[in-house]
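Remarks on the structure that follows.
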Amino acid sequence: YVHDVREVIGYEVPLAIDHFGHVCVEDGIRFAKRMEKYGIAWIEDMIPWIYPDQYRRLRNATTVPVCTGEDIYLKEDFRKIIEGGCVSIIHPDILTCGGALELKKIADIADENGVAVAIHMAESPVACMAAVHAAAAMHNILAMELHSVDVPWWQDIAKGLDKPLIKDGYIRVPDAPGLGIESLDDSVIETHLNKDI
């Protein structure tokens with residue numbers, strides 16, 4: 001599959017391999033070595049983040065950057081894997097790592113240790129804009145993930161943002177007060193509520 005994707009997009013477009021579930025570290029090493037020839041941007045969550053020694057083994061065994069972090073809460077646990085040389089890239093989520101200030105603190109620890117930050121972001125436009133503002137305050141931001149590009153009504157939840165939100169691969173940091181959102185559209189939210197919950 002990776003070969004086929006590279007055939008289509010070439011080598012100018014970064015290609016990362018997302019969440020694996022969890023596999024044993026030896027399988028992770030074997031997989032990473034097979035992926036080296038494809039110039040992968042990163043491999044993510046090969047093993048549970050609570051095993052820093054296994055992450056260090058994985059990172060030291062391959063040239064593919066190793067990434068984890070969307071399930072980690074607070075800077076103390078990030079500090080362990082960053083300062084322990086366990087990752088090349090951290091992947092914190094603004095809603096699960098402790099908020100905007102905590103995300104900035106995590107990014108500062110990463111910056112001091114030569115580790116890049118790729119923000120995980122699979123939330124609403126409100127959380128997206130909070131992550132954009134936090135990213136603008138970082139020195140070592142590599143990317144910000146966005147899961148909702150194919151949800152046509154997603155951006156309509158928040159009023160006052162640029163349309164389209166993403167231009168040439170970037171989101172402009174708003175200069176309006178707060179997060180740059182004028183208001184929320186309750187009718188859009190109500191239309192897309194999951195009534196089965």
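Letters A, B, ... go to the chains of the structure tokens in the order shown; residues in each chain start at 1; ligands are counted from 1 in the same order.
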
- Task: Extract, using only C-alpha atoms, all DNA, RNA and protein residues at most 9 Å from Leu58 in chain A, discarding same-chain residues fewer than 3 positions from it, and format them as an MDAnalysis selection string.
- Result: chainID A and resid 25:26 28:29 32 46 53:55 61:62 66 86:87

Quick one: write out the picked residues with all heavy atoms as a short mmCIF file (atom, residue, chain, number, x, y, z; two decimals), in the first residue's frame?
```cif
data_model
loop_
_atom_site.label_atom_id
_atom_site.label_comp_id
_atom_site.auth_asym_id
_atom_site.auth_seq_id
_atom_site.Cartn_x
_atom_site.Cartn_y
_atom_site.Cartn_z
N VAL A 25 7.29 -4.62 19.84
CA VAL A 25 8.36 -3.74 19.40
C VAL A 25 9.18 -4.36 18.27
O VAL A 25 9.62 -3.66 17.35
CB VAL A 25 9.25 -3.30 20.59
CG1 VAL A 25 10.05 -4.45 21.16
CG2 VAL A 25 10.18 -2.17 20.17
N GLU A 26 9.40 -5.67 18.30
CA GLU A 26 10.18 -6.31 17.23
C GLU A 26 9.47 -6.21 15.88
O GLU A 26 10.12 -5.96 14.86
CB GLU A 26 10.48 -7.77 17.58
CG GLU A 26 11.33 -7.94 18.83
CD GLU A 26 12.66 -7.20 18.77
OE1 GLU A 26 13.24 -7.05 17.68
OE2 GLU A 26 13.12 -6.74 19.83
N GLY A 28 7.38 -3.85 15.14
CA GLY A 28 7.49 -2.43 14.81
C GLY A 28 8.82 -2.09 14.16
O GLY A 28 8.88 -1.34 13.19
N ILE A 29 9.90 -2.65 14.68
CA ILE A 29 11.23 -2.43 14.11
C ILE A 29 11.30 -2.99 12.70
O ILE A 29 11.78 -2.33 11.77
CB ILE A 29 12.31 -3.04 15.03
CG1 ILE A 29 12.42 -2.23 16.33
CG2 ILE A 29 13.66 -3.10 14.29
CD1 ILE A 29 13.26 -2.89 17.41
N ALA A 32 9.27 -0.72 10.40
CA ALA A 32 9.93 0.56 10.18
C ALA A 32 11.10 0.42 9.21
O ALA A 32 11.28 1.26 8.31
CB ALA A 32 10.41 1.14 11.51
N MET A 46 3.18 2.96 17.37
CA MET A 46 3.44 1.55 17.11
C MET A 46 3.23 0.69 18.35
O MET A 46 2.77 -0.43 18.25
CB MET A 46 4.89 1.36 16.63
CG MET A 46 5.21 1.99 15.30
SD MET A 46 4.50 1.12 13.91
CE MET A 46 5.53 -0.31 13.83
N ASP A 53 11.12 2.41 27.16
CA ASP A 53 12.28 1.62 26.74
C ASP A 53 12.04 0.99 25.37
O ASP A 53 12.95 0.93 24.54
CB ASP A 53 12.62 0.54 27.77
CG ASP A 53 13.13 1.13 29.07
OD1 ASP A 53 13.59 2.29 29.05
OD2 ASP A 53 13.07 0.44 30.10
N GLN A 54 10.81 0.53 25.14
CA GLN A 54 10.50 -0.04 23.83
C GLN A 54 10.51 1.03 22.75
O GLN A 54 10.98 0.80 21.63
CB GLN A 54 9.14 -0.74 23.87
CG GLN A 54 9.15 -2.00 24.71
CD GLN A 54 7.82 -2.71 24.68
OE1 GLN A 54 7.09 -2.64 23.70
NE2 GLN A 54 7.50 -3.40 25.77
N TYR A 55 10.01 2.22 23.07
CA TYR A 55 10.05 3.32 22.11
C TYR A 55 11.49 3.70 21.76
O TYR A 55 11.81 3.97 20.61
CB TYR A 55 9.27 4.54 22.63
CG TYR A 55 7.91 4.63 22.01
CD1 TYR A 55 6.79 4.18 22.70
CD2 TYR A 55 7.74 5.10 20.71
CE1 TYR A 55 5.54 4.22 22.12
CE2 TYR A 55 6.49 5.13 20.13
CZ TYR A 55 5.39 4.70 20.83
OH TYR A 55 4.16 4.73 20.24
N ALA A 61 16.44 1.94 16.15
CA ALA A 61 16.58 0.88 15.16
C ALA A 61 16.22 1.31 13.74
O ALA A 61 16.39 0.53 12.81
CB ALA A 61 15.71 -0.31 15.56
N THR A 62 15.75 2.55 13.55
CA THR A 62 15.28 2.96 12.23
C THR A 62 15.59 4.43 11.95
O THR A 62 15.81 5.21 12.88
CB THR A 62 13.75 2.73 12.10
OG1 THR A 62 13.33 3.07 10.78
CG2 THR A 62 12.96 3.53 13.11
N VAL A 66 9.91 8.51 14.69
CA VAL A 66 8.94 7.82 15.54
C VAL A 66 8.12 8.85 16.29
O VAL A 66 8.66 9.80 16.87
CB VAL A 66 9.67 6.86 16.51
CG1 VAL A 66 8.70 6.25 17.50
CG2 VAL A 66 10.41 5.78 15.73
N CYS A 86 13.07 8.88 23.30
CA CYS A 86 12.16 7.82 22.83
C CYS A 86 11.46 8.16 21.52
O CYS A 86 10.96 7.25 20.85
CB CYS A 86 11.12 7.54 23.89
SG CYS A 86 11.82 7.11 25.50
N VAL A 87 11.39 9.43 21.17
CA VAL A 87 10.62 9.85 20.00
C VAL A 87 11.36 10.93 19.21
O VAL A 87 12.19 11.65 19.76
CB VAL A 87 9.22 10.38 20.39
CG1 VAL A 87 8.33 9.28 20.93
CG2 VAL A 87 9.33 11.51 21.41
#
```

- Message: If you run DSSP on the backbone here, which positions in range 4-196 of chain A get alpha helix (DSSP H)? Please write them as a VMD selection string.
- Response: chain A and resid 4 to 9 25 to 35 52 to 60 75 to 83 100 to 112 125 to 136 186 to 191

Would you export the selected residues with C-alpha atoms as an mmCIF file, in the first residue's frame, please?
```cif
data_model
loop_
_atom_site.group_PDB
_atom_site.id
_atom_site.type_symbol
_atom_site.label_atom_id
_atom_site.label_comp_id
_atom_site.auth_asym_id
_atom_site.auth_seq_id
_atom_site.Cartn_x
_atom_site.Cartn_y
_atom_site.Cartn_z
ATOM 1 C CA ASP A 4 1.219 2.377 -4.288
ATOM 2 C CA VAL A 5 0.604 5.667 -2.475
ATOM 3 C CA ARG A 6 4.156 6.840 -3.212
ATOM 4 C CA GLU A 7 3.611 5.983 -6.877
ATOM 5 C CA VAL A 8 0.654 8.386 -6.903
ATOM 6 C CA ILE A 9 1.905 11.285 -4.737
ATOM 7 C CA VAL A 25 8.365 -3.743 19.397
ATOM 8 C CA GLU A 26 10.181 -6.307 17.228
ATOM 9 C CA ASP A 27 7.404 -6.218 14.632
ATOM 10 C CA GLY A 28 7.490 -2.429 14.815
ATOM 11 C CA ILE A 29 11.231 -2.433 14.111
ATOM 12 C CA ARG A 30 10.828 -4.819 11.173
ATOM 13 C CA PHE A 31 8.020 -2.702 9.738
ATOM 14 C CA ALA A 32 9.929 0.561 10.180
ATOM 15 C CA LYS A 33 13.000 -0.837 8.435
ATOM 16 C CA ARG A 34 10.847 -1.905 5.471
ATOM 17 C CA MET A 35 9.392 1.625 5.274
ATOM 18 C CA PRO A 52 9.532 4.263 26.938
ATOM 19 C CA ASP A 53 12.280 1.621 26.739
ATOM 20 C CA GLN A 54 10.505 -0.042 23.832
ATOM 21 C CA TYR A 55 10.048 3.321 22.110
ATOM 22 C CA ARG A 56 13.754 4.039 22.528
ATOM 23 C CA ARG A 57 14.595 0.648 20.962
ATOM 24 C CA LEU A 58 12.284 1.378 18.045
ATOM 25 C CA ARG A 59 13.641 4.883 17.499
ATOM 26 C CA ASN A 60 17.256 3.700 17.633
ATOM 27 C CA LYS A 75 3.684 17.546 30.378
ATOM 28 C CA GLU A 76 5.176 15.178 32.966
ATOM 29 C CA ASP A 77 4.499 12.073 30.876
ATOM 30 C CA PHE A 78 5.613 13.857 27.697
ATOM 31 C CA ARG A 79 8.819 14.872 29.470
ATOM 32 C CA LYS A 80 9.669 11.210 30.155
ATOM 33 C CA ILE A 81 9.501 10.163 26.510
ATOM 34 C CA ILE A 82 11.042 13.364 25.128
ATOM 35 C CA GLU A 83 14.008 13.575 27.485
ATOM 36 C CA ALA A 100 -3.468 25.390 25.309
ATOM 37 C CA LEU A 101 -0.991 26.377 28.039
ATOM 38 C CA GLU A 102 -0.056 22.761 28.721
ATOM 39 C CA LEU A 103 0.413 22.183 24.976
ATOM 40 C CA LYS A 104 2.793 25.165 24.855
ATOM 41 C CA LYS A 105 4.738 23.813 27.855
ATOM 42 C CA ILE A 106 5.007 20.392 26.159
ATOM 43 C CA ALA A 107 6.224 22.057 22.974
ATOM 44 C CA ASP A 108 8.867 23.978 24.944
ATOM 45 C CA ILE A 109 10.199 20.730 26.445
ATOM 46 C CA ALA A 110 10.262 19.210 22.961
ATOM 47 C CA ASP A 111 12.042 22.255 21.531
ATOM 48 C CA GLU A 112 14.738 22.086 24.207
ATOM 49 C CA PRO A 125 -13.619 24.232 14.812
ATOM 50 C CA VAL A 126 -13.367 25.708 18.318
ATOM 51 C CA ALA A 127 -10.638 23.265 19.367
ATOM 52 C CA CYS A 128 -9.054 23.635 15.934
ATOM 53 C CA MET A 129 -8.653 27.385 16.374
ATOM 54 C CA ALA A 130 -7.322 26.907 19.913
ATOM 55 C CA ALA A 131 -4.708 24.521 18.473
ATOM 56 C CA VAL A 132 -3.874 27.011 15.703
ATOM 57 C CA HIS A 133 -3.230 29.738 18.287
ATOM 58 C CA ALA A 134 -1.086 27.394 20.401
ATOM 59 C CA ALA A 135 0.868 26.325 17.308
ATOM 60 C CA ALA A 136 1.562 29.967 16.464
ATOM 61 C CA ASP A 186 -26.692 26.380 16.938
ATOM 62 C CA SER A 187 -28.802 25.218 14.001
ATOM 63 C CA VAL A 188 -25.820 23.444 12.390
ATOM 64 C CA ILE A 189 -24.910 21.861 15.710
ATOM 65 C CA GLU A 190 -28.489 20.721 16.334
ATOM 66 C CA THR A 191 -28.819 19.285 12.828
#
```

Can you write out as a tab-separated table which residues of range 63-93 of chain A fall within 12 Å of range 12-17 of chain A, alongside each residue's closest atom pair and its distance in Å to one decimal, counting only C-alpha atoms and ordering rows by chain and ascending residue number?
```
residue	atom	partner	partner_atom	distance
A:Val64	CA	A:Ala16	CA	9.8
A:Pro65	CA	A:Ala16	CA	9.5
A:Val66	CA	A:Ile17	CA	10.1
A:Cys67	CA	A:Ile17	CA	9.7
A:Thr68	CA	A:Ile17	CA	11.5
A:Ile89	CA	A:Ala16	CA	11.5
```

Any chance you could export the current selection's N, CA and C atoms as a PDB file, in the first residue's frame?
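Writing the result to out-v9.pdb gives the following:
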```pdb
ATOM      1  N   VAL A  64      13.303   6.078  10.189  1.00  0.00           N
ATOM      2  CA  VAL A  64      11.962   6.662  10.101  1.00  0.00           C
ATOM      3  C   VAL A  64      11.672   7.360  11.434  1.00  0.00           C
ATOM      4  N   PRO A  65      11.277   8.632  11.411  1.00  0.00           N
ATOM      5  CA  PRO A  65      10.931   9.313  12.661  1.00  0.00           C
ATOM      6  C   PRO A  65       9.786   8.600  13.377  1.00  0.00           C
ATOM      7  N   VAL A  66       9.910   8.515  14.694  1.00  0.00           N
ATOM      8  CA  VAL A  66       8.944   7.818  15.536  1.00  0.00           C
ATOM      9  C   VAL A  66       8.115   8.853  16.290  1.00  0.00           C
ATOM     10  N   CYS A  67       6.803   8.644  16.298  1.00  0.00           N
ATOM     11  CA  CYS A  67       5.868   9.633  16.852  1.00  0.00           C
ATOM     12  C   CYS A  67       4.868   8.952  17.780  1.00  0.00           C
ATOM     13  N   THR A  68       4.509   9.648  18.864  1.00  0.00           N
ATOM     14  CA  THR A  68       3.397   9.235  19.730  1.00  0.00           C
ATOM     15  C   THR A  68       2.952  10.439  20.542  1.00  0.00           C
ATOM     16  N   ILE A  89       9.194  12.842  17.161  1.00  0.00           N
ATOM     17  CA  ILE A  89       8.059  13.760  17.032  1.00  0.00           C
ATOM     18  C   ILE A  89       7.050  13.413  18.124  1.00  0.00           C
TER      19      ILE A  89
END
```

- Message: Using Å and a single decimal, report how far CA of Ala116 in chain A sits from CA of Tyr73 in chain A.
- Response: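 Computed distance, CA of Tyr73 in chain A to CA of Ala116 in chain A, equals 17.8 Å.
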
- Task: From range 2-170 of chain A, collect each residue whose DSSP state is strand (DSSP E or B) and return the set as an NGL selection string.
- Result: :A and (16-17 or 42-44 or 66-68 or 89-90 or 93 or 116-120 or 141-144 or 158-159 or 166-167 or 170)

Residues within 6 Å of Pro92 in chain A, only C-alpha atoms, excluding chain neighbours under 3 positions, as a PDB file with N, CA and C atoms, in the first residue's frame:
```
ATOM      1  N   GLY A  69       1.783  10.311  21.195  1.00  0.00           N
ATOM      2  CA  GLY A  69       1.388  11.352  22.132  1.00  0.00           C
ATOM      3  C   GLY A  69      -0.069  11.747  22.176  1.00  0.00           C
ATOM      4  N   GLU A  70      -0.907  11.323  21.244  1.00  0.00           N
ATOM      5  CA  GLU A  70      -2.286  11.804  21.260  1.00  0.00           C
ATOM      6  C   GLU A  70      -3.061  11.314  22.475  1.00  0.00           C
ATOM      7  N   ILE A 119       0.677  18.455  15.992  1.00  0.00           N
ATOM      8  CA  ILE A 119      -0.501  18.509  16.856  1.00  0.00           C
ATOM      9  C   ILE A 119      -1.591  17.582  16.322  1.00  0.00           C
ATOM     10  N   HIS A 120      -2.094  16.720  17.201  1.00  0.00           N
ATOM     11  CA  HIS A 120      -3.254  15.896  16.871  1.00  0.00           C
ATOM     12  C   HIS A 120      -4.491  16.762  17.030  1.00  0.00           C
TER      13      HIS A 120
END
```

- Message: Just to confirm, what's the straight-line distance from CA of Ile47 in chain A to CA of Met121 in chain A in Å (one decimal)?
- Response: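 CA of Met121 in chain A lies 20.3 Å from CA of Ile47 in chain A.
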
So that I can see what lies close to Tyr38 in chain A, please list as a PDB file with N, CA, C and O atoms, in the first residue's frame the residues with an atom at most 8 Å from it, counting only C-alpha atoms and leaving out residues fewer than 4 positions away in the same chain.
```pdb
ATOM      1  N   VAL A   2       1.885   1.279   0.814  1.00  0.00           N
ATOM      2  CA  VAL A   2       2.755   2.452   0.888  1.00  0.00           C
ATOM      3  C   VAL A   2       3.426   2.687  -0.463  1.00  0.00           C
ATOM      4  O   VAL A   2       3.496   3.828  -0.940  1.00  0.00           O
ATOM      5  N   HIS A   3       3.885   1.622  -1.092  1.00  0.00           N
ATOM      6  CA  HIS A   3       4.478   1.738  -2.420  1.00  0.00           C
ATOM      7  C   HIS A   3       3.472   2.355  -3.402  1.00  0.00           C
ATOM      8  O   HIS A   3       3.811   3.271  -4.162  1.00  0.00           O
ATOM      9  N   ARG A   6       2.996   6.085  -2.741  1.00  0.00           N
ATOM     10  CA  ARG A   6       4.156   6.840  -3.212  1.00  0.00           C
ATOM     11  C   ARG A   6       4.159   6.961  -4.739  1.00  0.00           C
ATOM     12  O   ARG A   6       4.561   7.983  -5.279  1.00  0.00           O
ATOM     13  N   TYR A  11       7.515  11.837  -4.084  1.00  0.00           N
ATOM     14  CA  TYR A  11       8.300  11.991  -2.855  1.00  0.00           C
ATOM     15  C   TYR A  11       8.369  13.431  -2.366  1.00  0.00           C
ATOM     16  O   TYR A  11       9.039  13.728  -1.395  1.00  0.00           O
TER      17      TYR A  11
END
```

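With CA of Ile90 in chain A on one side and CA of Asp168 in chain A on the other, the separation reads 24.0 Å.
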
- Message: Just checking: using only C-alpha atoms, which residue out of A:Lys159, A:Arg172, A:His91, A:Lys167 ends up closest to Ile141 in chain A?
- Response: A:His91

- Task: List the neighbours of Ala158 in chain A out to 9 Å using only C-alpha atoms; skip same-chain residues closer than 6 positions along the sequence, and give me the result as an NGL selection string.
- Result: :A and (124-126 or 181-185)
